[in-house]
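Peer 1: I have a structure I would like to understand better, so I am pasting it below and will then ask my questions one at a time.
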Amino acid sequence: MSSLVWISGASAGIGAALAASVPYADARVIDVSRSGGSAEHFKADLSDPADWARVEAHFREELAGYDGERVVFIHNAGTITPIGPAAEADREDYTRAVLLNSAAPQILGRAFLAATAPLTCERHLVMLSSGAAKTAYAGWSSYNAGKAAVEHWVRTVGAEQGPGGCRVIAVAPGVVDTAMQSEIRATSAENFPTVGRFHELKNTGALSTPAAAATGIWSLLTRNLPNGTCVDLRNL
Ligand SMILES: NC(=O)c1ccc[n+]([C@@H]2O[C@H](COP(=O)([O-])OP(=O)(O)OC[C@H]3O[C@@H](n4cnc5c(N)ncnc54)[C@H](OP(=O)(O)O)[C@@H]3O)[C@@H](O)[C@H]2O)c1
């Protein structure tokens with residue numbers, strides 16, 4: 001039996017590691033990102049509302065007549081840019097961050113739920129969150145707010161699922177050694193007062209690898225977590 005797996009942002013970092021470690025024998029894996037990686041690529045800029053509609057149409061097209069064992073969407077694409085006080089952020093950069101981190105998870109999550117509603121197979125929707133959903137790091141306003149929105153959306157939509165519904169969870173992966181972490185460490189203390197802690201984590205070898213994060217995330221799909229669970233891999 002086959003699986004159909006979408007991973008947004010599978011061109012790099014945690015998403016690429018997720019695509020490289022899909023735990024199903026016969027899986028078609030589709031990366032939704034701007035640049036593409038090693039998986040089949042659906043090119044989309046997820047900070048552009050026009051591309052949200054394209055992704056929804058793509059979901060529906062690929063799922064028409066689908067009779068495999070499971071469908072999975074891991075919404076992993078996200079950005080920490082721009083870092084710095086909200087009042088000093090460039091309007092366009094800030095708008096793109098809000099669209100990608102806050103709006104896209106809800107819009108694409110809804111699109112996946114709607115497109116998969118007629119299916120009777122196993123369905124999973126996994127949203128990448130962060131410790132920033134709960135901690136108000138100065139300099140990360142749109143990122144913190146986006147991840148908090150992701151978690152509350154997941155709790156709400158999880159509560160909407162009946163028996164046989166989609167399994168909806170959010171996962172904070174811990175501090176993972178990716179380009180996003182390099183960008184964080186490259187920020188001045190003026191723009192990001194907590195930057196020293198992130199240097200220390202890197203210097204003491206405390207970051208986890210994208211591969212380890214991916215293994216942890218995939219393991220969640222077999223744990224039968226209550227619908228709407230928001231979990232941190234560091235607390236498993
Ligand atoms: N790394 C960490 O320590 C950490 C901690 C907590 C949470 N997270 C979360 O984990 C997820 C992955 O983070 P990461 O560290 O792997 O990030 P990353 O290395 O910066 O990779 C980000 C991915 O998102 C995609 N992306 C960015 N902007 C996009 C856009 N406008 N449209 C479509 N795709 C876009 C990128 O693909 P393209 O550039 O090809 O579009 C890339 O594949 C994010 O949601 C992040 O918030 C990471």
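Each chain in the structure tokens gets a letter, A, B and so on, in the order shown; residues start at 1 in every chain, and ligands are counted from 1 in the order they appear.
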Set the distance at 10 Å and use only C-alpha atoms: which residues neighbour region 219-221 of chain A once local chain neighbours fewer than 2 positions away are removed? I'd like the list as a list in words.
Peer 2: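 Near region 219-221 of chain A, the qualifying residues are Pro23, Val72, Arg123, His124, Leu125, Val126, Arg167, Val168, Ile169, Ala170, Val171, Ala213, Ala214, Thr215, Gly216, Ile217, Arg223, Asn224, Leu225, Val231, Leu233 and Leu236 of chain A.
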Peer 1: Please return as a ChimeraX atom specification the residues found within 7 Å of ligand 1, counting only C-alpha atoms and all ligand atoms.
Peer 2: /A:8-16,32-36,44-47,76-80,100,128-131,172-181
Peer 1: Write a file of the just-selected residues containing N, CA and C atoms, as an mmCIF file, in the first residue's frame.
Peer 2:
data_model
loop_
_atom_site.group_PDB
_atom_site.id
_atom_site.type_symbol
_atom_site.label_atom_id
_atom_site.label_comp_id
_atom_site.auth_asym_id
_atom_site.auth_seq_id
_atom_site.Cartn_x
_atom_site.Cartn_y
_atom_site.Cartn_z
ATOM 1 N N SER A 8 6.326 20.815 3.274
ATOM 2 C CA SER A 8 6.693 22.155 2.815
ATOM 3 C C SER A 8 8.088 22.488 3.347
ATOM 4 N N GLY A 9 8.858 23.200 2.538
ATOM 5 C CA GLY A 9 10.220 23.548 2.945
ATOM 6 C C GLY A 9 11.129 22.337 3.048
ATOM 7 N N ALA A 10 11.002 21.401 2.095
ATOM 8 C CA ALA A 10 11.875 20.211 2.112
ATOM 9 C C ALA A 10 13.139 20.423 1.287
ATOM 10 N N SER A 11 13.395 21.671 0.894
ATOM 11 C CA SER A 11 14.609 21.944 0.114
ATOM 12 C C SER A 11 15.836 22.080 1.002
ATOM 13 N N ALA A 12 15.643 22.226 2.309
ATOM 14 C CA ALA A 12 16.778 22.480 3.207
ATOM 15 C C ALA A 12 16.400 22.085 4.630
ATOM 16 N N GLY A 13 17.399 22.050 5.494
ATOM 17 C CA GLY A 13 17.183 21.926 6.932
ATOM 18 C C GLY A 13 16.360 20.714 7.363
ATOM 19 N N ILE A 14 15.456 20.962 8.306
ATOM 20 C CA ILE A 14 14.646 19.876 8.879
ATOM 21 C C ILE A 14 13.762 19.237 7.805
ATOM 22 N N GLY A 15 13.214 20.070 6.917
ATOM 23 C CA GLY A 15 12.337 19.551 5.866
ATOM 24 C C GLY A 15 13.072 18.582 4.949
ATOM 25 N N ALA A 16 14.302 18.921 4.577
ATOM 26 C CA ALA A 16 15.085 18.023 3.715
ATOM 27 C C ALA A 16 15.364 16.712 4.442
ATOM 28 N N VAL A 32 7.134 21.161 -1.161
ATOM 29 C CA VAL A 32 6.523 22.438 -1.553
ATOM 30 C C VAL A 32 7.435 23.548 -1.026
ATOM 31 N N SER A 33 8.187 24.150 -1.907
ATOM 32 C CA SER A 33 9.140 25.199 -1.505
ATOM 33 C C SER A 33 9.451 26.041 -2.733
ATOM 34 N N ARG A 34 10.288 27.062 -2.547
ATOM 35 C CA ARG A 34 10.653 27.900 -3.687
ATOM 36 C C ARG A 34 11.746 27.260 -4.521
ATOM 37 N N SER A 35 12.752 26.680 -3.863
ATOM 38 C CA SER A 35 13.920 26.250 -4.638
ATOM 39 C C SER A 35 13.945 24.760 -4.964
ATOM 40 N N GLY A 36 13.323 23.910 -4.151
ATOM 41 C CA GLY A 36 13.330 22.482 -4.426
ATOM 42 C C GLY A 36 14.588 21.809 -3.918
ATOM 43 N N ALA A 44 6.518 26.703 -4.995
ATOM 44 C CA ALA A 44 5.558 27.683 -4.468
ATOM 45 C C ALA A 44 6.251 28.590 -3.477
ATOM 46 N N ASP A 45 5.851 29.852 -3.505
ATOM 47 C CA ASP A 45 6.285 30.804 -2.480
ATOM 48 C C ASP A 45 5.136 30.910 -1.482
ATOM 49 N N LEU A 46 5.318 30.326 -0.328
ATOM 50 C CA LEU A 46 4.209 30.224 0.624
ATOM 51 C C LEU A 46 3.974 31.514 1.408
ATOM 52 N N SER A 47 4.699 32.572 1.073
ATOM 53 C CA SER A 47 4.349 33.893 1.610
ATOM 54 C C SER A 47 3.484 34.659 0.600
ATOM 55 N N ASN A 76 6.264 22.585 7.268
ATOM 56 C CA ASN A 76 7.540 22.850 7.934
ATOM 57 C C ASN A 76 8.157 24.189 7.517
ATOM 58 N N ALA A 77 7.747 24.724 6.370
ATOM 59 C CA ALA A 77 8.347 25.975 5.883
ATOM 60 C C ALA A 77 8.100 27.096 6.885
ATOM 61 N N GLY A 78 9.135 27.882 7.122
ATOM 62 C CA GLY A 78 8.998 29.007 8.039
ATOM 63 C C GLY A 78 10.204 29.908 7.903
ATOM 64 N N THR A 79 10.105 31.089 8.490
ATOM 65 C CA THR A 79 11.241 32.014 8.420
ATOM 66 C C THR A 79 11.390 32.772 9.728
ATOM 67 N N ILE A 80 12.636 33.072 10.078
ATOM 68 C CA ILE A 80 12.912 33.883 11.267
ATOM 69 C C ILE A 80 13.152 35.352 10.855
ATOM 70 N N LEU A 100 3.822 34.059 5.861
ATOM 71 C CA LEU A 100 4.392 32.700 5.884
ATOM 72 C C LEU A 100 4.200 32.014 7.235
ATOM 73 N N LEU A 128 5.038 22.426 12.081
ATOM 74 C CA LEU A 128 6.258 22.716 12.822
ATOM 75 C C LEU A 128 6.040 23.956 13.681
ATOM 76 N N SER A 129 6.256 23.787 14.982
ATOM 77 C CA SER A 129 6.167 24.900 15.915
ATOM 78 C C SER A 129 7.563 25.199 16.460
ATOM 79 N N SER A 130 7.621 25.784 17.637
ATOM 80 C CA SER A 130 8.901 26.205 18.217
ATOM 81 C C SER A 130 8.675 26.545 19.679
ATOM 82 N N GLY A 131 9.750 26.513 20.468
ATOM 83 C CA GLY A 131 9.667 27.015 21.841
ATOM 84 C C GLY A 131 9.211 28.466 21.849
ATOM 85 N N ALA A 172 7.416 21.122 18.263
ATOM 86 C CA ALA A 172 8.589 22.003 18.381
ATOM 87 C C ALA A 172 9.805 21.076 18.328
ATOM 88 N N PRO A 173 10.726 21.315 17.384
ATOM 89 C CA PRO A 173 11.797 20.336 17.171
ATOM 90 C C PRO A 173 13.007 20.493 18.077
ATOM 91 N N GLY A 174 13.030 21.517 18.942
ATOM 92 C CA GLY A 174 14.254 21.801 19.705
ATOM 93 C C GLY A 174 15.137 22.740 18.898
ATOM 94 N N VAL A 175 16.370 22.916 19.322
ATOM 95 C CA VAL A 175 17.291 23.814 18.616
ATOM 96 C C VAL A 175 18.118 22.957 17.667
ATOM 97 N N VAL A 176 17.910 23.182 16.376
ATOM 98 C CA VAL A 176 18.425 22.253 15.351
ATOM 99 C C VAL A 176 19.409 23.000 14.448
ATOM 100 N N ASP A 177 20.506 22.350 14.125
ATOM 101 C CA ASP A 177 21.608 22.994 13.395
ATOM 102 C C ASP A 177 21.272 23.152 11.905
ATOM 103 N N THR A 178 20.618 24.242 11.576
ATOM 104 C CA THR A 178 20.210 24.519 10.188
ATOM 105 C C THR A 178 20.594 25.959 9.841
ATOM 106 N N ALA A 179 20.268 26.346 8.608
ATOM 107 C CA ALA A 179 20.532 27.728 8.168
ATOM 108 C C ALA A 179 19.810 28.738 9.057
ATOM 109 N N MET A 180 18.644 28.346 9.566
ATOM 110 C CA MET A 180 17.901 29.271 10.436
ATOM 111 C C MET A 180 18.709 29.593 11.692
ATOM 112 N N GLN A 181 19.369 28.579 12.249
ATOM 113 C CA GLN A 181 20.202 28.828 13.438
ATOM 114 C C GLN A 181 21.418 29.678 13.095
#
Peer 1: Of the candidates A:Phe198, A:Tyr137, A:Trp6, A:Tyr66, which one gets nearest to Gly84 (chain A) if we count only C-alpha atoms?
Peer 2: A:Tyr137
Peer 1: Among region 53-215 of chain A, which residues carry a DSSP assignment of helix (DSSP H, G or I), reported as an mmCIF file with C-alpha atoms, in the first residue's frame?
Peer 2:
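Contents of result.cif, freshly written:
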data_model
loop_
_atom_site.group_PDB
_atom_site.id
_atom_site.type_symbol
_atom_site.label_atom_id
_atom_site.label_comp_id
_atom_site.auth_asym_id
_atom_site.auth_seq_id
_atom_site.Cartn_x
_atom_site.Cartn_y
_atom_site.Cartn_z
ATOM 1 C CA ALA A 53 -4.600 28.661 -3.971
ATOM 2 C CA ARG A 54 -2.237 26.790 -6.327
ATOM 3 C CA VAL A 55 -1.244 24.436 -3.512
ATOM 4 C CA GLU A 56 -4.891 23.749 -2.659
ATOM 5 C CA ALA A 57 -5.673 22.972 -6.311
ATOM 6 C CA HIS A 58 -2.601 20.685 -6.392
ATOM 7 C CA PHE A 59 -3.800 18.819 -3.257
ATOM 8 C CA ARG A 60 -7.188 18.238 -4.857
ATOM 9 C CA GLU A 61 -5.726 17.144 -8.186
ATOM 10 C CA GLU A 62 -3.306 14.654 -6.645
ATOM 11 C CA LEU A 63 -5.933 13.262 -4.260
ATOM 12 C CA ALA A 86 8.986 45.276 15.233
ATOM 13 C CA ALA A 87 9.056 49.052 14.911
ATOM 14 C CA GLU A 88 12.292 48.879 12.942
ATOM 15 C CA ARG A 91 7.213 46.658 6.106
ATOM 16 C CA GLU A 92 7.450 44.256 3.165
ATOM 17 C CA ASP A 93 9.792 41.812 4.932
ATOM 18 C CA TYR A 94 7.539 41.883 7.980
ATOM 19 C CA THR A 95 4.418 41.303 5.888
ATOM 20 C CA ARG A 96 6.025 38.325 4.151
ATOM 21 C CA ALA A 97 6.983 36.845 7.531
ATOM 22 C CA VAL A 98 3.443 37.238 8.865
ATOM 23 C CA LEU A 99 1.994 35.663 5.717
ATOM 24 C CA LEU A 100 4.392 32.700 5.884
ATOM 25 C CA ASN A 101 4.497 32.065 9.642
ATOM 26 C CA SER A 102 0.968 32.995 10.746
ATOM 27 C CA ALA A 103 -1.352 32.815 7.745
ATOM 28 C CA ALA A 104 0.065 30.032 5.559
ATOM 29 C CA PRO A 105 -0.216 27.294 8.244
ATOM 30 C CA GLN A 106 -3.913 28.022 8.709
ATOM 31 C CA ILE A 107 -4.731 28.444 5.027
ATOM 32 C CA LEU A 108 -2.751 25.410 3.878
ATOM 33 C CA GLY A 109 -3.901 23.361 6.864
ATOM 34 C CA ARG A 110 -7.519 24.102 5.956
ATOM 35 C CA ALA A 111 -6.797 23.243 2.330
ATOM 36 C CA PHE A 112 -5.342 19.855 3.309
ATOM 37 C CA LEU A 113 -8.236 19.049 5.646
ATOM 38 C CA ALA A 114 -10.781 19.970 2.980
ATOM 39 C CA ALA A 115 -9.009 18.101 0.181
ATOM 40 C CA THR A 116 -8.619 14.944 2.287
ATOM 41 C CA GLY A 131 9.667 27.015 21.841
ATOM 42 C CA ALA A 132 9.015 30.566 20.583
ATOM 43 C CA ALA A 133 5.282 29.737 20.650
ATOM 44 C CA SER A 141 7.778 39.219 17.196
ATOM 45 C CA SER A 142 6.299 37.850 13.986
ATOM 46 C CA TYR A 143 8.004 34.475 14.472
ATOM 47 C CA ASN A 144 6.819 34.086 18.100
ATOM 48 C CA ALA A 145 3.301 35.158 17.169
ATOM 49 C CA GLY A 146 3.224 32.851 14.150
ATOM 50 C CA LYS A 147 4.216 29.792 16.179
ATOM 51 C CA ALA A 148 1.737 30.654 18.960
ATOM 52 C CA ALA A 149 -0.951 30.898 16.275
ATOM 53 C CA VAL A 150 0.089 27.530 14.832
ATOM 54 C CA GLU A 151 -0.263 25.833 18.218
ATOM 55 C CA HIS A 152 -3.670 27.296 19.020
ATOM 56 C CA TRP A 153 -4.911 26.500 15.520
ATOM 57 C CA VAL A 154 -3.784 22.908 15.988
ATOM 58 C CA ARG A 155 -5.522 22.622 19.377
ATOM 59 C CA THR A 156 -8.722 23.997 17.870
ATOM 60 C CA VAL A 157 -8.742 21.974 14.674
ATOM 61 C CA GLY A 158 -7.688 18.879 16.628
ATOM 62 C CA ALA A 159 -10.822 19.341 18.759
ATOM 63 C CA GLU A 160 -12.921 19.487 15.585
ATOM 64 C CA ALA A 179 20.532 27.728 8.168
ATOM 65 C CA MET A 180 17.901 29.271 10.436
ATOM 66 C CA GLN A 181 20.202 28.828 13.438
ATOM 67 C CA SER A 182 23.142 30.327 11.504
ATOM 68 C CA GLU A 183 20.976 33.332 10.733
ATOM 69 C CA ILE A 184 20.033 33.667 14.420
ATOM 70 C CA ARG A 185 23.679 33.543 15.549
ATOM 71 C CA VAL A 195 21.714 35.770 20.875
ATOM 72 C CA GLY A 196 24.414 34.792 23.421
ATOM 73 C CA ARG A 197 22.416 31.754 24.505
ATOM 74 C CA PHE A 198 22.299 30.518 20.906
ATOM 75 C CA HIS A 199 26.081 30.948 20.522
ATOM 76 C CA GLU A 200 26.521 28.989 23.729
ATOM 77 C CA LEU A 201 24.255 26.161 22.547
ATOM 78 C CA LYS A 202 26.275 25.906 19.315
ATOM 79 C CA ASN A 203 29.645 26.117 21.079
ATOM 80 C CA PRO A 210 18.180 17.826 11.239
ATOM 81 C CA ALA A 211 18.295 14.022 10.935
ATOM 82 C CA ALA A 212 17.639 13.541 14.662
ATOM 83 C CA ALA A 213 14.796 16.067 14.561
ATOM 84 C CA ALA A 214 13.292 14.282 11.550
ATOM 85 C CA THR A 215 13.457 10.903 13.319
#
Peer 1: One decimal, in Å: what's the spacing between CA of Ser208 (chain A) and CA of Ala189 (chain A)?
Peer 2: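 So the two atoms, CA of Ser208 (chain A) and CA of Ala189 (chain A), lie 23.2 Å apart.
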Peer 1: Grab the CA of Thr222 (chain A) to CA of Ala64 (chain A) distance for me, in Å with one decimal place.
Peer 2: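 Result for CA of Thr222 (chain A) versus CA of Ala64 (chain A): 25.9 Å, one decimal.
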Peer 1: Record the distance separating CA of Thr135 (chain A) and CA of Asp48 (chain A), expressed in Å with one decimal.
Peer 2: 27.4 Å
Peer 1: Using only C-alpha atoms, can you tell me which of A:Gly164, A:Pro193, A:Gly65, A:Gly205 comes closest to Pro85 (chain A)?
Peer 2: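 Once distances to Pro85 (chain A) are computed over only C-alpha atoms, the minimum belongs to A:Pro193.
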Peer 1: If you run DSSP on the backbone here, which positions in chain A get strand (DSSP E or B)? Please write them as an NGL selection string.
Peer 2: :A and (3-8 or 27-33 or 40-43 or 70-75 or 122-128 or 167-172 or 176 or 208 or 230-232)
Peer 1: Just checking: using only C-alpha atoms, which residue out of A:Gly37, A:Pro226, A:Pro49, A:Gly165 ends up closest to Cys121 (chain A)?
Peer 2: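 So, comparing all the options, the nearest one is A:Gly165.
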